[in-house]
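These notes concern the structure reproduced below.
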Amino acid sequence: MFERSSGVLMHITSLPSPHGVGSLGKAAYDFVDFLEAAGQRYWQVLPLGHTGFGDSPYQCFSAAAGNYLMIDLDALAEQGLLTQDEIDAAEFAHTPDKVDFIALSETRPPLLRRAFARIDAQMQQEIAAFRRQNSDWIEDYALFMALKEEKYEGRPLWDWPDTAVRDRDPAALQQVKDELASEIDFRIFLQYIFFAQWDALHVYANTHGVQIIGDIPIYVSPDSADVWQHPQLFKLKPDFSPKRVAGVPPDYYSETGQLWGNPVYDWKVHEADGFGWWIWRMKSNLALFDVIRIDHFRGLEAYWEVAAGAENAVKGRWCKGPGMKLLRALEGALGELPVIAEDLGLITDKVRALLKASGFPGMKVLIFGFDVWNDNEHLPHNYRPNMIVYTSTHDSQSICEQIMDICNEDERQFAYRYLRSSTSEALGWSAIKSVWASCACITMTTMQDILSLGADARMNVPATVGGNWCWRVRQEAVNPNVARMLREITETYKRYRPYQGK
């Protein structure tokens, strides 16, 4: 399915912007132009959702809603919904290197409410049409957020004081819908704007030969509209709090494992329903992206389940996942799927068999390969054609941090020899060349590795809370010289060809 090609991983919020966070505005279009000039086929982004706990795009209030912080303010000004003075008045002291999510959460909503107050009759009609088209999720999401943020002071779903509302009693729901009608309309307006801007960017990317790889987290947040709307699909207590939560056992990232806290699925209920919710979720994402990465793919074969309230993920158990039953249902409903399987972590023969049966390409990551004594599967000479391989990822150290700060001296010297690095070339370029020369069908790198950045540019440290997801690239770093160098490597290793469309 996938041709020999390459791309760059960088989230929307990491783009440069004068307004404190990367958005769907000019910098996003400029980045598409950069990728086109660099001969790259793919731009990979993280989940686009409305983030909740820890600002993580893997803990969102909805599996379908977009993050309002990515809305481009300058486009709203061009539409006459905001003035430049209003935008300037809402600015706060920020650095071009980091996102201040707390400051944004305080300053951005009042500004967007001003825009909402100025919508005209034509836009009202467009919003109404958008609302009808997305009625399967947007009404519950908008009501959920209005209740959570305006009525219940941010409390999680299981701590809502009105149990009739929490339990979705029809009369109680109608009462709060009437009470919060304006708030619901505001949140639907935000989604309309977000998706209008996203769709325009997506079309621009495709027109310029760039396909977008999106990311589906395997789980949803416990405090989400999805859990509230479909509680039967998850292992929950009567108060909607998780009974069992997801994570992974001790691994490369953490000696005590990773306790994610997401409610695990009741797969028997999903199967009895023909996996309808998953078909809806995949279909929704296929409308947004050209290729989809399924995060934690191994959880479809078997997943690590931990009792809610546990201190860490050490004491858990493996439970059987839906496997090919789910994948056959998805392909039966949607056809051949342009999917990448994130198969990192503790991988067993059964997971390998599922990956082979699916036909999806799996993943390898160069920084995991610097093992002096073993022939590691993450080293490029062991890659296979049906793979998508990375120099590093959003969850890992950069190449420079791994080699300079994490590797011991023997591993460091081995890495230098393997990458054929020299003092005349930045370490990131040596890594990119090594991966690009491999037989893998798609090779990916990060802006951190393109720029040979270290620990200060880390996007996320798994199993930690606070200070993650904040990194931003500086505008001057996304420049023609960098594009030219990446284009030269891509052409040398035969990963470039003019894009002919979908």
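If you're wondering about the labels, chains in the structure tokens are A, B, ... by order shown, residues count from 1 in each chain, ligands from 1 in order shown.
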
Region 450-454 of chain A surroundings by only C-alpha atoms, 9 Å radius, close-in-sequence under 6 positions cut, as a VMD selection string:
chain A and resid 8 397 to 402 404 to 405 426 to 429 432 477 482 486

Would you mind listing what lies within 9 Å of Arg168 (chain A) as a JSON list (two decimals) with N, CA, C and O atoms, in the first residue's frame, with only C-alpha atoms counted and same-chain residues fewer than 5 positions away left out?
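The resulting file, part-v1.json, is shown below:
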```json
[["chain", "number", "residue", "atom", "x", "y", "z"],
["A", 163, "THR", "N", -27.02, 13.29, 40.10],
["A", 163, "THR", "CA", -26.89, 11.91, 39.61],
["A", 163, "THR", "C", -27.87, 11.62, 38.48],
["A", 163, "THR", "O", -27.58, 10.79, 37.61],
["A", 173, "LEU", "N", -31.87, 15.56, 31.54],
["A", 173, "LEU", "CA", -31.06, 16.04, 30.42],
["A", 173, "LEU", "C", -31.73, 17.19, 29.69],
["A", 173, "LEU", "O", -31.08, 18.18, 29.34],
["A", 228, "TRP", "N", -19.49, 9.10, 28.99],
["A", 228, "TRP", "CA", -20.83, 9.51, 29.42],
["A", 228, "TRP", "C", -21.89, 9.07, 28.42],
["A", 228, "TRP", "O", -22.98, 8.63, 28.81],
["A", 229, "GLN", "N", -21.59, 9.15, 27.14],
["A", 229, "GLN", "CA", -22.56, 8.81, 26.10],
["A", 229, "GLN", "C", -22.70, 7.30, 25.92],
["A", 229, "GLN", "O", -23.78, 6.81, 25.61]]
```

Tell me, as a ChimeraX atom specification, which residues lie within 8 Å of region 352-361 of chain A, counting only C-alpha atoms; anything in the same chain fewer than 4 positions away does not count.
/A:301,323-324,327,339-341,347-348,386-388

With all heavy atoms retained, write the just-selected residues as a CSV table (one decimal), in the first residue's frame.
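Saved as result-v6.csv:
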```csv
chain,number,residue,atom,x,y,z
A,301,GLU,N,-4.5,-7.2,20.7
A,301,GLU,CA,-4.3,-8.6,20.9
A,301,GLU,C,-4.5,-9.0,22.4
A,301,GLU,O,-5.2,-9.9,22.7
A,301,GLU,CB,-2.8,-9.0,20.4
A,301,GLU,CG,-2.6,-10.5,20.3
A,301,GLU,CD,-2.5,-11.2,21.6
A,301,GLU,OE1,-1.8,-10.7,22.5
A,301,GLU,OE2,-3.1,-12.3,21.8
A,323,GLY,N,-8.6,-8.5,18.6
A,323,GLY,CA,-7.8,-9.1,17.5
A,323,GLY,C,-8.4,-8.8,16.2
A,323,GLY,O,-9.0,-7.8,15.9
A,324,MET,N,-8.3,-9.8,15.3
A,324,MET,CA,-8.8,-9.7,13.9
A,324,MET,C,-10.3,-9.5,13.8
A,324,MET,O,-10.8,-9.1,12.8
A,324,MET,CB,-8.3,-10.9,13.1
A,324,MET,CG,-6.9,-10.9,12.7
A,324,MET,SD,-6.4,-9.4,11.8
A,324,MET,CE,-7.4,-9.6,10.3
A,327,LEU,N,-10.6,-5.9,13.4
A,327,LEU,CA,-10.0,-5.4,12.1
A,327,LEU,C,-10.9,-5.8,10.9
A,327,LEU,O,-11.0,-5.1,10.0
A,327,LEU,CB,-8.6,-5.9,12.0
A,327,LEU,CG,-7.7,-5.4,13.2
A,327,LEU,CD1,-6.2,-5.9,12.9
A,327,LEU,CD2,-7.7,-3.9,13.3
A,339,VAL,N,-3.6,2.2,7.5
A,339,VAL,CA,-3.3,2.2,8.9
A,339,VAL,C,-1.8,1.8,9.2
A,339,VAL,O,-1.3,0.9,8.5
A,339,VAL,CB,-4.2,1.2,9.6
A,339,VAL,CG1,-3.7,0.8,11.0
A,339,VAL,CG2,-5.6,1.8,9.8
A,340,ILE,N,-1.2,2.4,10.1
A,340,ILE,CA,0.1,2.1,10.7
A,340,ILE,C,-0.2,1.6,12.1
A,340,ILE,O,-0.9,2.2,12.9
A,340,ILE,CB,1.0,3.3,10.7
A,340,ILE,CG1,1.3,3.8,9.3
A,340,ILE,CG2,2.3,3.0,11.5
A,340,ILE,CD1,1.8,5.2,9.2
A,341,ALA,N,0.5,0.5,12.4
A,341,ALA,CA,0.3,-0.1,13.8
A,341,ALA,C,1.5,0.2,14.7
A,341,ALA,O,2.6,-0.1,14.3
A,341,ALA,CB,0.2,-1.6,13.6
A,347,ILE,N,6.3,-7.0,23.0
A,347,ILE,CA,5.7,-7.6,21.9
A,347,ILE,C,5.9,-9.1,21.9
A,347,ILE,O,7.0,-9.6,22.0
A,347,ILE,CB,6.2,-7.0,20.6
A,347,ILE,CG1,6.0,-5.5,20.6
A,347,ILE,CG2,5.6,-7.7,19.4
A,347,ILE,CD1,4.6,-5.1,20.7
A,348,THR,N,4.8,-9.9,21.8
A,348,THR,CA,4.9,-11.3,21.9
A,348,THR,C,4.6,-11.9,20.5
A,348,THR,O,4.3,-11.2,19.5
A,348,THR,CB,3.8,-11.9,22.8
A,348,THR,OG1,2.5,-11.5,22.2
A,348,THR,CG2,3.9,-11.2,24.2
A,386,ASN,N,7.8,-3.6,4.9
A,386,ASN,CA,6.5,-3.2,5.4
A,386,ASN,C,6.7,-2.7,6.8
A,386,ASN,O,6.1,-3.2,7.8
A,386,ASN,CB,5.6,-4.4,5.4
A,386,ASN,CG,4.1,-4.0,5.6
A,386,ASN,OD1,3.7,-2.9,5.2
A,386,ASN,ND2,3.3,-4.8,6.2
A,387,MET,N,7.4,-1.5,6.9
A,387,MET,CA,7.6,-0.9,8.2
A,387,MET,C,7.6,0.6,8.1
A,387,MET,O,7.9,1.1,7.0
A,387,MET,CB,8.9,-1.3,8.8
A,387,MET,CG,9.0,-2.6,9.4
A,387,MET,SD,10.7,-2.9,10.2
A,387,MET,CE,10.4,-4.5,10.9
A,388,ILE,N,7.2,1.3,9.1
A,388,ILE,CA,7.4,2.7,9.2
A,388,ILE,C,8.4,2.9,10.4
A,388,ILE,O,8.1,2.4,11.5
A,388,ILE,CB,6.1,3.5,9.5
A,388,ILE,CG1,6.3,5.0,9.6
A,388,ILE,CG2,5.3,2.9,10.6
A,388,ILE,CD1,5.1,5.8,9.6
```

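When the distance limit is 7 Å and only C-alpha atoms are what count, the residues near Leu81 (chain A), minus those fewer than 4 positions from it on the same chain, are Leu76, Ala77, Ala115, Arg118 and Ile119 of chain A.
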
I'd like to know which of A:Ile367, A:Leu346, A:Val269, A:Val389 is closest to Pro322 (chain A), using only C-alpha atoms.
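When distances to Pro322 (chain A) are compared using only C-alpha atoms, the smallest one comes from A:Val269.
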
Which residues come within 7 Å of Leu15 (chain A), counting only C-alpha atoms, excluding same-chain residues fewer than 4 positions away, as a JSON list (two decimals) with C-alpha atoms, in the first residue's frame?
```
[["chain", "number", "residue", "atom", "x", "y", "z"],
["A", 22, "GLY", "CA", 0.82, 26.57, 17.28],
["A", 23, "SER", "CA", -2.42, 26.86, 15.36],
["A", 27, "ALA", "CA", 2.61, 28.75, 10.24],
["A", 28, "ALA", "CA", 0.80, 25.48, 9.45],
["A", 472, "ARG", "CA", 7.59, 24.60, 20.13],
["A", 473, "VAL", "CA", 9.89, 25.06, 17.17]]
```

Per residue of region 194-308 of chain A within 10 Å of region 328-337 of chain A, what are the shortest atom pair and its distance in Å to one decimal, counting only C-alpha atoms, with rows by chain and residue number, as a tab-separated table?
```
residue	atom	partner	partner_atom	distance
A:Glu271	CA	A:Ala329	CA	9.3
A:Gly274	CA	A:Ala329	CA	7.0
A:Phe275	CA	A:Ala329	CA	6.8
A:Gly276	CA	A:Ala329	CA	8.7
A:Trp278	CA	A:Leu330	CA	7.6
A:Ile279	CA	A:Leu330	CA	5.6
A:Trp280	CA	A:Leu330	CA	9.3
A:Arg281	CA	A:Leu330	CA	9.9
A:Met282	CA	A:Leu330	CA	7.7
A:Lys283	CA	A:Leu334	CA	7.1
A:Leu286	CA	A:Leu337	CA	8.8
A:Asp290	CA	A:Leu337	CA	10.0
A:Val291	CA	A:Leu337	CA	8.3
A:Ile292	CA	A:Leu337	CA	8.4
```

Print the selection's residues with N, CA, C and O atoms to a file, as a PDB file, in the first residue's frame.
```pdb
ATOM      1  N   GLU A 271     -18.254  -6.377  20.567  1.00  0.00           N
ATOM      2  CA  GLU A 271     -18.433  -7.426  19.559  1.00  0.00           C
ATOM      3  C   GLU A 271     -19.916  -7.696  19.307  1.00  0.00           C
ATOM      4  O   GLU A 271     -20.337  -7.869  18.151  1.00  0.00           O
ATOM      5  N   GLY A 274     -21.341  -5.416  16.887  1.00  0.00           N
ATOM      6  CA  GLY A 274     -20.682  -5.366  15.588  1.00  0.00           C
ATOM      7  C   GLY A 274     -19.582  -4.324  15.511  1.00  0.00           C
ATOM      8  O   GLY A 274     -19.238  -3.864  14.430  1.00  0.00           O
ATOM      9  N   PHE A 275     -19.048  -3.950  16.681  1.00  0.00           N
ATOM     10  CA  PHE A 275     -17.983  -2.945  16.779  1.00  0.00           C
ATOM     11  C   PHE A 275     -18.414  -1.615  16.166  1.00  0.00           C
ATOM     12  O   PHE A 275     -17.618  -0.896  15.548  1.00  0.00           O
ATOM     13  N   GLY A 276     -19.685  -1.261  16.356  1.00  0.00           N
ATOM     14  CA  GLY A 276     -20.237  -0.050  15.755  1.00  0.00           C
ATOM     15  C   GLY A 276     -19.525   1.223  16.173  1.00  0.00           C
ATOM     16  O   GLY A 276     -19.297   2.120  15.351  1.00  0.00           O
ATOM     17  N   TRP A 278     -16.397   1.598  17.171  1.00  0.00           N
ATOM     18  CA  TRP A 278     -15.085   1.645  16.546  1.00  0.00           C
ATOM     19  C   TRP A 278     -15.188   1.959  15.057  1.00  0.00           C
ATOM     20  O   TRP A 278     -14.341   2.660  14.512  1.00  0.00           O
ATOM     21  N   ILE A 279     -16.194   1.451  14.403  1.00  0.00           N
ATOM     22  CA  ILE A 279     -16.394   1.783  12.983  1.00  0.00           C
ATOM     23  C   ILE A 279     -16.666   3.281  12.843  1.00  0.00           C
ATOM     24  O   ILE A 279     -16.104   3.948  11.960  1.00  0.00           O
ATOM     25  N   TRP A 280     -17.506   3.824  13.720  1.00  0.00           N
ATOM     26  CA  TRP A 280     -17.756   5.275  13.709  1.00  0.00           C
ATOM     27  C   TRP A 280     -16.464   6.043  13.952  1.00  0.00           C
ATOM     28  O   TRP A 280     -16.171   7.027  13.247  1.00  0.00           O
ATOM     29  N   ARG A 281     -15.678   5.597  14.902  1.00  0.00           N
ATOM     30  CA  ARG A 281     -14.447   6.313  15.243  1.00  0.00           C
ATOM     31  C   ARG A 281     -13.449   6.289  14.084  1.00  0.00           C
ATOM     32  O   ARG A 281     -12.840   7.309  13.752  1.00  0.00           O
ATOM     33  N   MET A 282     -13.285   5.132  13.463  1.00  0.00           N
ATOM     34  CA  MET A 282     -12.353   5.033  12.347  1.00  0.00           C
ATOM     35  C   MET A 282     -12.846   5.852  11.155  1.00  0.00           C
ATOM     36  O   MET A 282     -12.066   6.551  10.501  1.00  0.00           O
ATOM     37  N   LYS A 283     -14.126   5.790  10.886  1.00  0.00           N
ATOM     38  CA  LYS A 283     -14.692   6.560   9.769  1.00  0.00           C
ATOM     39  C   LYS A 283     -14.490   8.052   9.992  1.00  0.00           C
ATOM     40  O   LYS A 283     -14.134   8.795   9.051  1.00  0.00           O
ATOM     41  N   LEU A 286     -10.860   8.836   9.288  1.00  0.00           N
ATOM     42  CA  LEU A 286     -10.532   8.756   7.871  1.00  0.00           C
ATOM     43  C   LEU A 286     -10.964  10.008   7.116  1.00  0.00           C
ATOM     44  O   LEU A 286     -10.413  10.329   6.063  1.00  0.00           O
ATOM     45  N   ASP A 290      -5.137  11.206   6.015  1.00  0.00           N
ATOM     46  CA  ASP A 290      -4.879  10.327   4.880  1.00  0.00           C
ATOM     47  C   ASP A 290      -4.407   8.957   5.332  1.00  0.00           C
ATOM     48  O   ASP A 290      -4.643   7.949   4.664  1.00  0.00           O
ATOM     49  N   VAL A 291      -3.699   8.923   6.437  1.00  0.00           N
ATOM     50  CA  VAL A 291      -3.192   7.688   7.033  1.00  0.00           C
ATOM     51  C   VAL A 291      -3.436   7.784   8.529  1.00  0.00           C
ATOM     52  O   VAL A 291      -3.378   8.883   9.105  1.00  0.00           O
ATOM     53  N   ILE A 292      -3.702   6.648   9.165  1.00  0.00           N
ATOM     54  CA  ILE A 292      -4.000   6.645  10.600  1.00  0.00           C
ATOM     55  C   ILE A 292      -3.051   5.697  11.322  1.00  0.00           C
ATOM     56  O   ILE A 292      -2.892   4.543  10.924  1.00  0.00           O
TER      57      ILE A 292
END
```

Determine, counting only C-alpha atoms, which protein, DNA and RNA residues have an atom within 9 Å of an atom of Asn312 (chain A); residues of the same chain fewer than 6 positions away are not included. Present the result as an MDAnalysis selection string.
chainID A and resid 256:259 306

Need the shell around His381 (chain A): protein/DNA/RNA residues with any atom at most 10 Å away, counting only C-alpha atoms. Skip same-chain ones fewer than 3 positions apart. Format as a list in words?
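Near His381 (chain A), the qualifying residues are Asp375, Asn376, Glu377, His378, Arg384, Ser434, Val435, Ala437, Ser438, Cys439 and Ala440 of chain A.
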
Take the residues from that selection and put them in a file with all heavy atoms, as a PDB file, in the first residue's frame.
```pdb
ATOM      1  N   ASP A 375      22.069  -7.954  18.263  1.00  0.00           N
ATOM      2  CA  ASP A 375      21.670  -7.453  16.951  1.00  0.00           C
ATOM      3  C   ASP A 375      20.240  -6.947  17.052  1.00  0.00           C
ATOM      4  O   ASP A 375      19.285  -7.665  16.763  1.00  0.00           O
ATOM      5  CB  ASP A 375      21.792  -8.566  15.906  1.00  0.00           C
ATOM      6  CG  ASP A 375      21.667  -8.025  14.491  1.00  0.00           C
ATOM      7  OD1 ASP A 375      21.727  -6.799  14.327  1.00  0.00           O
ATOM      8  OD2 ASP A 375      21.494  -8.828  13.563  1.00  0.00           O
ATOM      9  N   ASN A 376      20.090  -5.697  17.456  1.00  0.00           N
ATOM     10  CA  ASN A 376      18.804  -5.142  17.841  1.00  0.00           C
ATOM     11  C   ASN A 376      17.899  -4.917  16.633  1.00  0.00           C
ATOM     12  O   ASN A 376      18.345  -4.431  15.590  1.00  0.00           O
ATOM     13  CB  ASN A 376      19.047  -3.821  18.574  1.00  0.00           C
ATOM     14  CG  ASN A 376      17.830  -3.300  19.279  1.00  0.00           C
ATOM     15  OD1 ASN A 376      16.874  -2.886  18.649  1.00  0.00           O
ATOM     16  ND2 ASN A 376      17.866  -3.308  20.605  1.00  0.00           N
ATOM     17  N   GLU A 377      16.597  -5.245  16.799  1.00  0.00           N
ATOM     18  CA  GLU A 377      15.636  -5.108  15.700  1.00  0.00           C
ATOM     19  C   GLU A 377      15.365  -3.664  15.313  1.00  0.00           C
ATOM     20  O   GLU A 377      14.805  -3.393  14.252  1.00  0.00           O
ATOM     21  CB  GLU A 377      14.316  -5.789  16.076  1.00  0.00           C
ATOM     22  CG  GLU A 377      13.581  -5.132  17.231  1.00  0.00           C
ATOM     23  CD  GLU A 377      12.286  -5.852  17.602  1.00  0.00           C
ATOM     24  OE1 GLU A 377      11.957  -6.834  16.914  1.00  0.00           O
ATOM     25  OE2 GLU A 377      11.642  -5.427  18.571  1.00  0.00           O
ATOM     26  N   HIS A 378      15.762  -2.710  16.156  1.00  0.00           N
ATOM     27  CA  HIS A 378      15.535  -1.298  15.845  1.00  0.00           C
ATOM     28  C   HIS A 378      16.674  -0.687  15.026  1.00  0.00           C
ATOM     29  O   HIS A 378      16.609   0.508  14.708  1.00  0.00           O
ATOM     30  CB  HIS A 378      15.328  -0.498  17.131  1.00  0.00           C
ATOM     31  CG  HIS A 378      14.037  -0.816  17.834  1.00  0.00           C
ATOM     32  ND1 HIS A 378      12.826  -0.278  17.449  1.00  0.00           N
ATOM     33  CD2 HIS A 378      13.764  -1.638  18.880  1.00  0.00           C
ATOM     34  CE1 HIS A 378      11.858  -0.749  18.235  1.00  0.00           C
ATOM     35  NE2 HIS A 378      12.404  -1.571  19.112  1.00  0.00           N
ATOM     36  N   ARG A 384      12.462  -4.103   7.652  1.00  0.00           N
ATOM     37  CA  ARG A 384      11.848  -4.794   6.520  1.00  0.00           C
ATOM     38  C   ARG A 384      11.005  -3.786   5.729  1.00  0.00           C
ATOM     39  O   ARG A 384      10.636  -2.729   6.255  1.00  0.00           O
ATOM     40  CB  ARG A 384      10.976  -5.959   7.005  1.00  0.00           C
ATOM     41  CG  ARG A 384      11.749  -7.028   7.747  1.00  0.00           C
ATOM     42  CD  ARG A 384      10.872  -8.251   8.035  1.00  0.00           C
ATOM     43  NE  ARG A 384       9.706  -7.926   8.834  1.00  0.00           N
ATOM     44  CZ  ARG A 384       9.691  -7.826  10.153  1.00  0.00           C
ATOM     45  NH1 ARG A 384      10.802  -8.032  10.839  1.00  0.00           N
ATOM     46  NH2 ARG A 384       8.580  -7.530  10.805  1.00  0.00           N
ATOM     47  N   SER A 434      20.985   7.356   8.017  1.00  0.00           N
ATOM     48  CA  SER A 434      21.009   5.920   8.295  1.00  0.00           C
ATOM     49  C   SER A 434      19.626   5.295   8.150  1.00  0.00           C
ATOM     50  O   SER A 434      19.483   4.197   7.610  1.00  0.00           O
ATOM     51  CB  SER A 434      21.545   5.673   9.711  1.00  0.00           C
ATOM     52  OG  SER A 434      22.884   6.091   9.817  1.00  0.00           O
ATOM     53  N   VAL A 435      18.608   5.995   8.627  1.00  0.00           N
ATOM     54  CA  VAL A 435      17.240   5.484   8.532  1.00  0.00           C
ATOM     55  C   VAL A 435      16.727   5.588   7.098  1.00  0.00           C
ATOM     56  O   VAL A 435      16.103   4.655   6.572  1.00  0.00           O
ATOM     57  CB  VAL A 435      16.329   6.240   9.518  1.00  0.00           C
ATOM     58  CG1 VAL A 435      14.872   5.904   9.277  1.00  0.00           C
ATOM     59  CG2 VAL A 435      16.712   5.900  10.956  1.00  0.00           C
ATOM     60  N   ALA A 437      18.329   5.390   4.411  1.00  0.00           N
ATOM     61  CA  ALA A 437      18.986   4.415   3.527  1.00  0.00           C
ATOM     62  C   ALA A 437      18.396   3.016   3.656  1.00  0.00           C
ATOM     63  O   ALA A 437      18.684   2.148   2.828  1.00  0.00           O
ATOM     64  CB  ALA A 437      20.485   4.371   3.831  1.00  0.00           C
ATOM     65  N   SER A 438      17.564   2.784   4.665  1.00  0.00           N
ATOM     66  CA  SER A 438      17.031   1.448   4.918  1.00  0.00           C
ATOM     67  C   SER A 438      15.989   1.057   3.874  1.00  0.00           C
ATOM     68  O   SER A 438      15.571   1.872   3.047  1.00  0.00           O
ATOM     69  CB  SER A 438      16.409   1.393   6.317  1.00  0.00           C
ATOM     70  OG  SER A 438      15.161   2.089   6.334  1.00  0.00           O
ATOM     71  N   CYS A 439      15.535  -0.205   3.965  1.00  0.00           N
ATOM     72  CA  CYS A 439      14.532  -0.703   3.017  1.00  0.00           C
ATOM     73  C   CYS A 439      13.105  -0.430   3.462  1.00  0.00           C
ATOM     74  O   CYS A 439      12.157  -0.769   2.752  1.00  0.00           O
ATOM     75  CB  CYS A 439      14.723  -2.201   2.793  1.00  0.00           C
ATOM     76  SG  CYS A 439      14.324  -3.210   4.242  1.00  0.00           S
ATOM     77  N   ALA A 440      12.909   0.167   4.655  1.00  0.00           N
ATOM     78  CA  ALA A 440      11.554   0.423   5.157  1.00  0.00           C
ATOM     79  C   ALA A 440      10.774   1.308   4.189  1.00  0.00           C
ATOM     80  O   ALA A 440      11.328   2.238   3.591  1.00  0.00           O
ATOM     81  CB  ALA A 440      11.623   1.088   6.530  1.00  0.00           C
TER      82      ALA A 440
END
```
